[in-house]
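Right, one structure below, let's go through it.
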Amino acid sequence: MIDRAVGPTTQGGTATSKPSSSMGGPATRCDVLLTPLFMRAGAPDERLGIGIATRDMLDVLASTAGRNLDTVLISWPDRPQSQFALHCLEALRRQLQIPTREKGNGGSGACTVPTLTTLYFPGRPSVGAVTRNLLLDREVVADISRRRLTSHAEAERLSGRSWDNPDTVSLYAWDLMMVRLRDAIRPPSRRHGTRRQSVPVSVRHPRLSELFPIFEPDEAGTDYPTAEARLLHRMRNWTALFEEGVPADRLAEMAADPVFCPFRLFTIPGESPKRWLPLLRTEALRKRPIDVVMIDLTRRGRDALGVDWGKRLTTFLDHLDANVVVAPPTLVITESPFVAKTAREIVSNRLRARRRGATAAERSPARLIGVLTEDGATLGGSESQSTSPLHPLNVSVYLKDVSLMALRDMTLGAVRELQEYGSDGLQASSHVRRAYGFVRRAVGLPCGLRAAQMVLRRDRANEEGEIPETLASQYFEAKVLADLSDAAARVPAFAQQILAYGELIRRFLADLQTSTPISRTLDKLLEELTRKSTKSIIVLPSAEAVEFLEARLAADRNGQDLSLRMEDKVQIVSRHLLGDALRQAAQRSSGVKRVALVQPRLEEVRKVLLMPDTDATFLLLDDAAGIGLVAADLAGITGVPGLERVAERVRSLLDQISDRQDQLPDPSLEIDVPLPISRTLDFTRDEGQRYDGPIVELTVSSSFKVRYRPNSDALLLTDDDLQPFRRCHASEVEVGSRMLVLSPPLMERLRKTFARRGNTSAVLRLYHDEVASARERIPGRSRTEKARHVLNMLLRADGARFTDSDLDNVRRWLAVDPTADDGVPNAPRDLTRYRAFAKAIGIQPALIDTLWRDGIHISRRFNISEGLGFHRRYVHFLMDPDTTLAKAAGQEEELAALWRDVLDDVSLVVGSRIIEPKKGGIKS
């Protein structure tokens, strides 16, 4: 067993790194990258430096590689945008800061060769695609290479020997390519038979993914082929860099050689341990020592390793130590304190098992470091981030479903047992977990379950009275109970227990029909607010929950117009709007004094903990399982170096939670049993209609099975930065292709963003603006009085279609929020009633039909669309993201984050089959 070399690495001339200034040390060595050297593809004229969080992560990477110390990095509260970007930026930093010449060798000039070799595990098809949006000023790269070539030429003259030996020829070729970047402004003489008149600004500068190649296994999975196709491929194809006398292909082949390339990132796939040994024994990995092993244990990385990611990580590290010449240090990156704790134990056990006679530093456990990602963007300017501690918040915690503890324990026990029954057991366990999730969702409703269902039937049903499938499964128990019956049929050996579980679910839901623990607490809070002038924000788990609470407030209670009294005191938002609500509140002269978060996720609690100092009171209303997860997450970051800024706030909140410690479950139980999700994605349906034709079923490395119609578009990831995806008929997709797979969370994000036609949101906002303006002109002090006035006009104009019972409907139609953009039109259900209402409130006649046709009606159609129709609408964004980002004024960050999630869902196609239709079903 070979021990790791101790002390500063000689590779690349890198000495021990200095600690980050954010961690209390002297000035960081990555400060040079804070200067505006970079651009985004969507805005190439704006120069940026790296973000503060990225700077701190680079310091950790440099110290891990330079001091050979294993490290576990907690990126809190968000995961880094791209781990590959860290490798690229560290390679760039080494070039910028390491001298090109050193004195020595008897007085002659010796050339320093900067290098960086990173092993990335688990590798994914999209590991480098995220960096396609990051551009680097070509003058910077060209100047580095020019100075190095000049220095090397001087060294040759002084020493009398050539420096372009096999160990440095790749850097020599790389430098020769980079010095030509100044010619990127000139278009090639001919491309595809036509002259190009200009080169786009975004093409004149190289992307990080073009400068530093990724070496991925070949199709056989036994070696690393050259990566010359990716090196400056945009520049070679779209500019005149290599038209005159320079053999570009030969230079690229030398510069991107997997054995001698100076800046190398090798990926090791996580899904197949059988492929690890051949790859670890390749010449590329054994020729030169590995500087650092970067282990991705963010959510995407853990998904690639599977449920037993801990065992696979242990096995991988054992194989690594047994097959490399010099054991490299490991850098584990995760956003989860739970995962960080387990990973640290695994890495530390590896050290103890193989260390004999090592230094005290190497015998110690892997170090744990945190990076606060308040500004988590890779690029973010050079402004200093405050390091002063945040003061504690005034927080109160309310547990509202201690009675569900028995149901929760039964759920987790059933899931563990069902997962032992193969694929049927996995599907059955998914039904059981969803049933428990349904009850938890019902407990958190601001009204009774029956009232919520009435609102959905009234506002969300289509002309045929059908509720969208996603809403029906979340708020109507029939689907949940039917799934439990299906689970019992799938696993007969467990059928009796599942049926008993279903009866217990029914009893719980029966108690939630008229009110819930959360609704009763909110009643008390709202009654208190009617007596005080305290401005408050109520944050609910979903947009539907906001609708339910507003529907309750819209009704008169004991002759009082409650919503009028709440109108200027309470802002009700869904949790995805929490950040905007807090920012708006901070800008007001009289800030918000109370914020109630109902069933907050970890993301919302983290967001609150990072907000500026405030004297507002925060109320956390949740069940025991939810609060237990929050407590365990926060406990995992206490005392972690680098996270001192939030330490005092975290301890304060944990003190509040500790008063209920006897009512909290063991959070590890919730973590150890992940929620199974449907592994079959069906894109064959059109607007909910069944499809009976042939089906192409593609199996991918992330264990999903994706079903398409043969002529449907599948999207394959390419190496072309101008067109990252290409369309291909599903019947033509080959095994080994890198295909976008829409996981359910990503599908929901795409649906919310692209479920409407481009101008639909604008037209819908125009309608809401018209109603809001008309509402101000209608006589009456309260909304109820205004609604009564409009209803009287409607009764006189069309008494056959309107009755006194429509008062609540008219009041709801008037209660629009022009600032909301949830795609839900507050308008009558049919065209005739809509026209009468619009005419009564004074909307211009020329606008009435346009608002209905292009705003209200089309929004409702798209809100209930599923399957094939939705699949077609988001394709344009994926095919040309830069154009979408450039046109998305005010949505750049949101769409950029969505784009990163899209790339994370790329998987390898590992199987394909055609399912032919037959009478009564389908057959392979």
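Chain labels A, B, ... are given in the sequence in which chains occur in the structure tokens; within each chain residues are numbered consecutively from 1, and ligands are likewise numbered from 1 in the order shown.
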
Quick one: everything within 8 Å of region 902-919 of chain A, counting only C-alpha atoms, minus sequence neighbours fewer than 4 positions away in the same chain. Send it as a PyMOL selection string.
chain A and resi 124-127+129-130+300+692-702+717+734-743+746+898+923-924

* Mind listing the strand (DSSP E or B) residues of region 386-420 of chain A, per DSSP on the backbone, as an NGL selection string? => :A and (394-399)

Determine which residues of region 238-485 of chain A receive a DSSP assignment of alpha helix (DSSP H), computed from the backbone, and state them as a PyMOL selection string. chain A and resi 238+248-255+276-280+283-287+299-305+309-323+337-354+360-363+405-418+422-443+449-459+469-475+477-485

For Ser209 (chain A), please output as a list in words all residues within 7 Å (counting only C-alpha atoms; exclusion window: fewer than 2 positions along the same chain).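 In the requested format, the answer is Gly128, Thr131, Arg132, Arg207, Leu211, Phe212 and Pro213 of chain A.
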
#### Entry: d(CA of Ile185 (chain A), CA of Ala41 (chain A)) in Å
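One can read the CA of Ile185 (chain A) to CA of Ala41 (chain A) distance as 16.0 Å.
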
Nearest to Leu471 (chain A), restricted to only C-alpha atoms and choosing among A:Thr117, A:Ser170, A:Asn237, A:Gln453, comes out as A:Gln453

Determine, counting only C-alpha atoms, which protein, DNA and RNA residues have an atom within 7 Å of an atom of region 304-319 of chain A; residues of the same chain fewer than 3 positions away are not included. Present the result as a PDB file with all heavy atoms, in the first residue's frame.
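Okay, this is what ended up in around28.pdb:
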```pdb
ATOM      1  N   PRO A 122     -18.619  11.289  -8.821  1.00  0.00           N
ATOM      2  CA  PRO A 122     -18.928  10.471  -9.995  1.00  0.00           C
ATOM      3  C   PRO A 122     -19.122  11.346 -11.232  1.00  0.00           C
ATOM      4  O   PRO A 122     -19.761  12.403 -11.175  1.00  0.00           O
ATOM      5  CB  PRO A 122     -20.244   9.795  -9.600  1.00  0.00           C
ATOM      6  CG  PRO A 122     -20.917  10.781  -8.707  1.00  0.00           C
ATOM      7  CD  PRO A 122     -19.813  11.493  -7.955  1.00  0.00           C
ATOM      8  N   GLY A 270     -20.075   6.859 -11.915  1.00  0.00           N
ATOM      9  CA  GLY A 270     -20.437   6.318 -10.611  1.00  0.00           C
ATOM     10  C   GLY A 270     -21.359   5.133 -10.656  1.00  0.00           C
ATOM     11  O   GLY A 270     -21.493   4.400  -9.673  1.00  0.00           O
ATOM     12  N   GLU A 271     -22.017   4.892 -11.823  1.00  0.00           N
ATOM     13  CA  GLU A 271     -23.062   3.872 -11.835  1.00  0.00           C
ATOM     14  C   GLU A 271     -22.543   2.457 -12.003  1.00  0.00           C
ATOM     15  O   GLU A 271     -23.273   1.497 -11.781  1.00  0.00           O
ATOM     16  CB  GLU A 271     -24.066   4.178 -12.961  1.00  0.00           C
ATOM     17  CG  GLU A 271     -23.532   4.033 -14.373  1.00  0.00           C
ATOM     18  CD  GLU A 271     -22.845   5.285 -14.885  1.00  0.00           C
ATOM     19  OE1 GLU A 271     -22.750   6.246 -14.101  1.00  0.00           O
ATOM     20  OE2 GLU A 271     -22.418   5.296 -16.048  1.00  0.00           O
ATOM     21  N   LEU A 277     -11.785  -0.051 -12.168  1.00  0.00           N
ATOM     22  CA  LEU A 277     -10.431  -0.595 -12.196  1.00  0.00           C
ATOM     23  C   LEU A 277      -9.727  -0.360 -13.528  1.00  0.00           C
ATOM     24  O   LEU A 277      -8.581   0.114 -13.545  1.00  0.00           O
ATOM     25  CB  LEU A 277     -10.453  -2.086 -11.864  1.00  0.00           C
ATOM     26  CG  LEU A 277     -10.644  -2.436 -10.377  1.00  0.00           C
ATOM     27  CD1 LEU A 277     -10.690  -3.939 -10.190  1.00  0.00           C
ATOM     28  CD2 LEU A 277      -9.534  -1.834  -9.537  1.00  0.00           C
ATOM     29  N   ARG A 300     -27.182  15.915  -7.061  1.00  0.00           N
ATOM     30  CA  ARG A 300     -27.022  15.261  -8.350  1.00  0.00           C
ATOM     31  C   ARG A 300     -25.964  14.168  -8.285  1.00  0.00           C
ATOM     32  O   ARG A 300     -26.118  13.097  -8.886  1.00  0.00           O
ATOM     33  CB  ARG A 300     -26.650  16.289  -9.412  1.00  0.00           C
ATOM     34  CG  ARG A 300     -27.737  17.302  -9.698  1.00  0.00           C
ATOM     35  CD  ARG A 300     -28.966  16.647 -10.281  1.00  0.00           C
ATOM     36  NE  ARG A 300     -29.987  17.623 -10.613  1.00  0.00           N
ATOM     37  CZ  ARG A 300     -31.199  17.321 -11.040  1.00  0.00           C
ATOM     38  NH1 ARG A 300     -31.540  16.047 -11.167  1.00  0.00           N
ATOM     39  NH2 ARG A 300     -32.083  18.261 -11.318  1.00  0.00           N
ATOM     40  N   GLY A 301     -24.895  14.429  -7.572  1.00  0.00           N
ATOM     41  CA  GLY A 301     -23.866  13.409  -7.445  1.00  0.00           C
ATOM     42  C   GLY A 301     -24.354  12.190  -6.700  1.00  0.00           C
ATOM     43  O   GLY A 301     -24.055  11.044  -7.070  1.00  0.00           O
ATOM     44  N   ALA A 322      -5.448   1.556  -4.171  1.00  0.00           N
ATOM     45  CA  ALA A 322      -4.731   0.348  -4.583  1.00  0.00           C
ATOM     46  C   ALA A 322      -4.133   0.454  -5.979  1.00  0.00           C
ATOM     47  O   ALA A 322      -3.301  -0.377  -6.350  1.00  0.00           O
ATOM     48  CB  ALA A 322      -5.686  -0.851  -4.530  1.00  0.00           C
ATOM     49  N   ASN A 323      -4.523   1.469  -6.769  1.00  0.00           N
ATOM     50  CA  ASN A 323      -4.136   1.467  -8.180  1.00  0.00           C
ATOM     51  C   ASN A 323      -3.398   2.716  -8.645  1.00  0.00           C
ATOM     52  O   ASN A 323      -2.925   2.738  -9.773  1.00  0.00           O
ATOM     53  CB  ASN A 323      -5.376   1.271  -9.054  1.00  0.00           C
ATOM     54  CG  ASN A 323      -5.947  -0.128  -8.969  1.00  0.00           C
ATOM     55  OD1 ASN A 323      -5.478  -1.039  -9.635  1.00  0.00           O
ATOM     56  ND2 ASN A 323      -6.958  -0.299  -8.131  1.00  0.00           N
ATOM     57  N   ILE A 346     -16.183   8.440   6.269  1.00  0.00           N
ATOM     58  CA  ILE A 346     -15.643   7.519   5.263  1.00  0.00           C
ATOM     59  C   ILE A 346     -14.210   7.889   4.906  1.00  0.00           C
ATOM     60  O   ILE A 346     -13.306   7.041   4.870  1.00  0.00           O
ATOM     61  CB  ILE A 346     -16.532   7.529   4.002  1.00  0.00           C
ATOM     62  CG1 ILE A 346     -17.900   6.922   4.328  1.00  0.00           C
ATOM     63  CG2 ILE A 346     -15.870   6.778   2.857  1.00  0.00           C
ATOM     64  CD1 ILE A 346     -18.907   7.031   3.190  1.00  0.00           C
ATOM     65  N   SER A 702     -29.549   7.050 -15.316  1.00  0.00           N
ATOM     66  CA  SER A 702     -30.125   7.472 -14.039  1.00  0.00           C
ATOM     67  C   SER A 702     -31.330   6.616 -13.651  1.00  0.00           C
ATOM     68  O   SER A 702     -32.101   6.992 -12.779  1.00  0.00           O
ATOM     69  CB  SER A 702     -30.542   8.947 -14.111  1.00  0.00           C
ATOM     70  OG  SER A 702     -31.386   9.189 -15.211  1.00  0.00           O
TER      71      SER A 702
END
```

Practice item. Find the residues around Leu418 (chain A) up to 9 Å (only C-alpha atoms counted), leave out those fewer than 3 positions away in its own chain, and share them as a ChimeraX atom specification. Key: /A:413-415,421-422,424-429,491,494

Just to be explicit: take each residue in the selection above, keep N, CA and C atoms, and write the result as a short mmCIF file (atom, residue, chain, number, x, y, z; two decimals), in the first residue's frame.
```cif
data_model
loop_
_atom_site.label_atom_id
_atom_site.label_comp_id
_atom_site.auth_asym_id
_atom_site.auth_seq_id
_atom_site.Cartn_x
_atom_site.Cartn_y
_atom_site.Cartn_z
N GLY A 413 -41.35 2.34 8.42
CA GLY A 413 -41.17 0.90 8.55
C GLY A 413 -41.68 0.15 7.33
N ALA A 414 -42.85 0.57 6.82
CA ALA A 414 -43.41 -0.09 5.64
C ALA A 414 -42.53 0.12 4.42
N VAL A 415 -41.98 1.33 4.26
CA VAL A 415 -41.13 1.61 3.11
C VAL A 415 -39.90 0.72 3.12
N TYR A 421 -38.85 -6.02 -1.92
CA TYR A 421 -39.67 -6.84 -2.83
C TYR A 421 -39.45 -6.48 -4.29
N GLY A 422 -38.27 -6.03 -4.65
CA GLY A 422 -37.97 -5.76 -6.05
C GLY A 422 -38.68 -4.53 -6.58
N ASP A 424 -41.69 -4.16 -7.94
CA ASP A 424 -43.06 -3.98 -7.44
C ASP A 424 -43.06 -3.39 -6.03
N GLY A 425 -42.15 -3.86 -5.21
CA GLY A 425 -42.07 -3.31 -3.86
C GLY A 425 -41.62 -1.86 -3.86
N LEU A 426 -40.73 -1.51 -4.79
CA LEU A 426 -40.30 -0.12 -4.89
C LEU A 426 -41.46 0.79 -5.27
N GLN A 427 -42.27 0.32 -6.23
CA GLN A 427 -43.43 1.12 -6.64
C GLN A 427 -44.44 1.21 -5.51
N ALA A 428 -44.65 0.10 -4.80
CA ALA A 428 -45.58 0.12 -3.68
C ALA A 428 -45.10 1.04 -2.57
N SER A 429 -43.80 1.03 -2.30
CA SER A 429 -43.28 1.93 -1.27
C SER A 429 -43.45 3.39 -1.67
N VAL A 491 -47.89 -6.28 -4.07
CA VAL A 491 -47.11 -7.06 -3.10
C VAL A 491 -48.09 -7.82 -2.21
N PHE A 494 -47.60 -8.38 1.53
CA PHE A 494 -47.70 -7.21 2.40
C PHE A 494 -49.06 -6.54 2.30
#
```

Counting only C-alpha atoms, figure out which residue out of A:Thr378, A:Ser652, A:Thr298, A:Thr222 gets nearest to Ser82 (chain A).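 For Ser82 (chain A), the nearest of the candidates is A:Thr378.
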
Who sits within 6 Å of region 569-577 of chain A, only C-alpha atoms, same chain under 5 positions skipped, as a list in words: Lys535, Ser536, Ile537, Ile538, Val539, Leu540, Pro541, Ser542 and Ala543 of chain A

Of the residues A:Pro77, A:Ile498, A:Asp70, A:Arg47, which is the one nearest to Val605 (chain A), using only C-alpha atoms?
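Ranked by minimum distance to Val605 (chain A), first place goes to A:Pro77.
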
- Task: Using only C-alpha atoms, determine which residues lie at most 8 Å from Thr784 (chain A), disregarding the query and same-chain residues fewer than 2 positions distant; provide the list as a list in words.
- Result: Asp561, Ser782, Lys786, Ala787, Arg788 and Arg811 of chain A

Any chance you could export the current selection's C-alpha atoms as a compact mmCIF listing (two decimals), in the first residue's frame?
```txt
# COMPACT_ATOMS: atom_id res chain seq x y z
CA ASP A 561 -65.48 41.92 6.04
CA SER A 782 -64.91 47.43 1.04
CA LYS A 786 -67.89 46.91 -4.51
CA ALA A 787 -68.78 43.32 -5.44
CA ARG A 788 -72.44 43.92 -4.42
CA ARG A 811 -65.79 39.38 -5.16
```

Q.
Please compute the CA of Ser805 (chain A)-CA of Leu791 (chain A) distance, one decimal, in Å.
A.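 Atom-to-atom, CA of Ser805 (chain A) to CA of Leu791 (chain A), that is 9.8 Å.
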
Q: Could you jot down the CA of Asp769 (chain A) to CA of Ile843 (chain A) separation for me, Å, one decimal place?
A: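 The value is 10.4 Å.
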
Nearest to Leu766 (chain A), restricted to only C-alpha atoms and choosing among A:Phe508, A:Phe260, A:Trp76, A:Trp852, comes out as A:Trp852
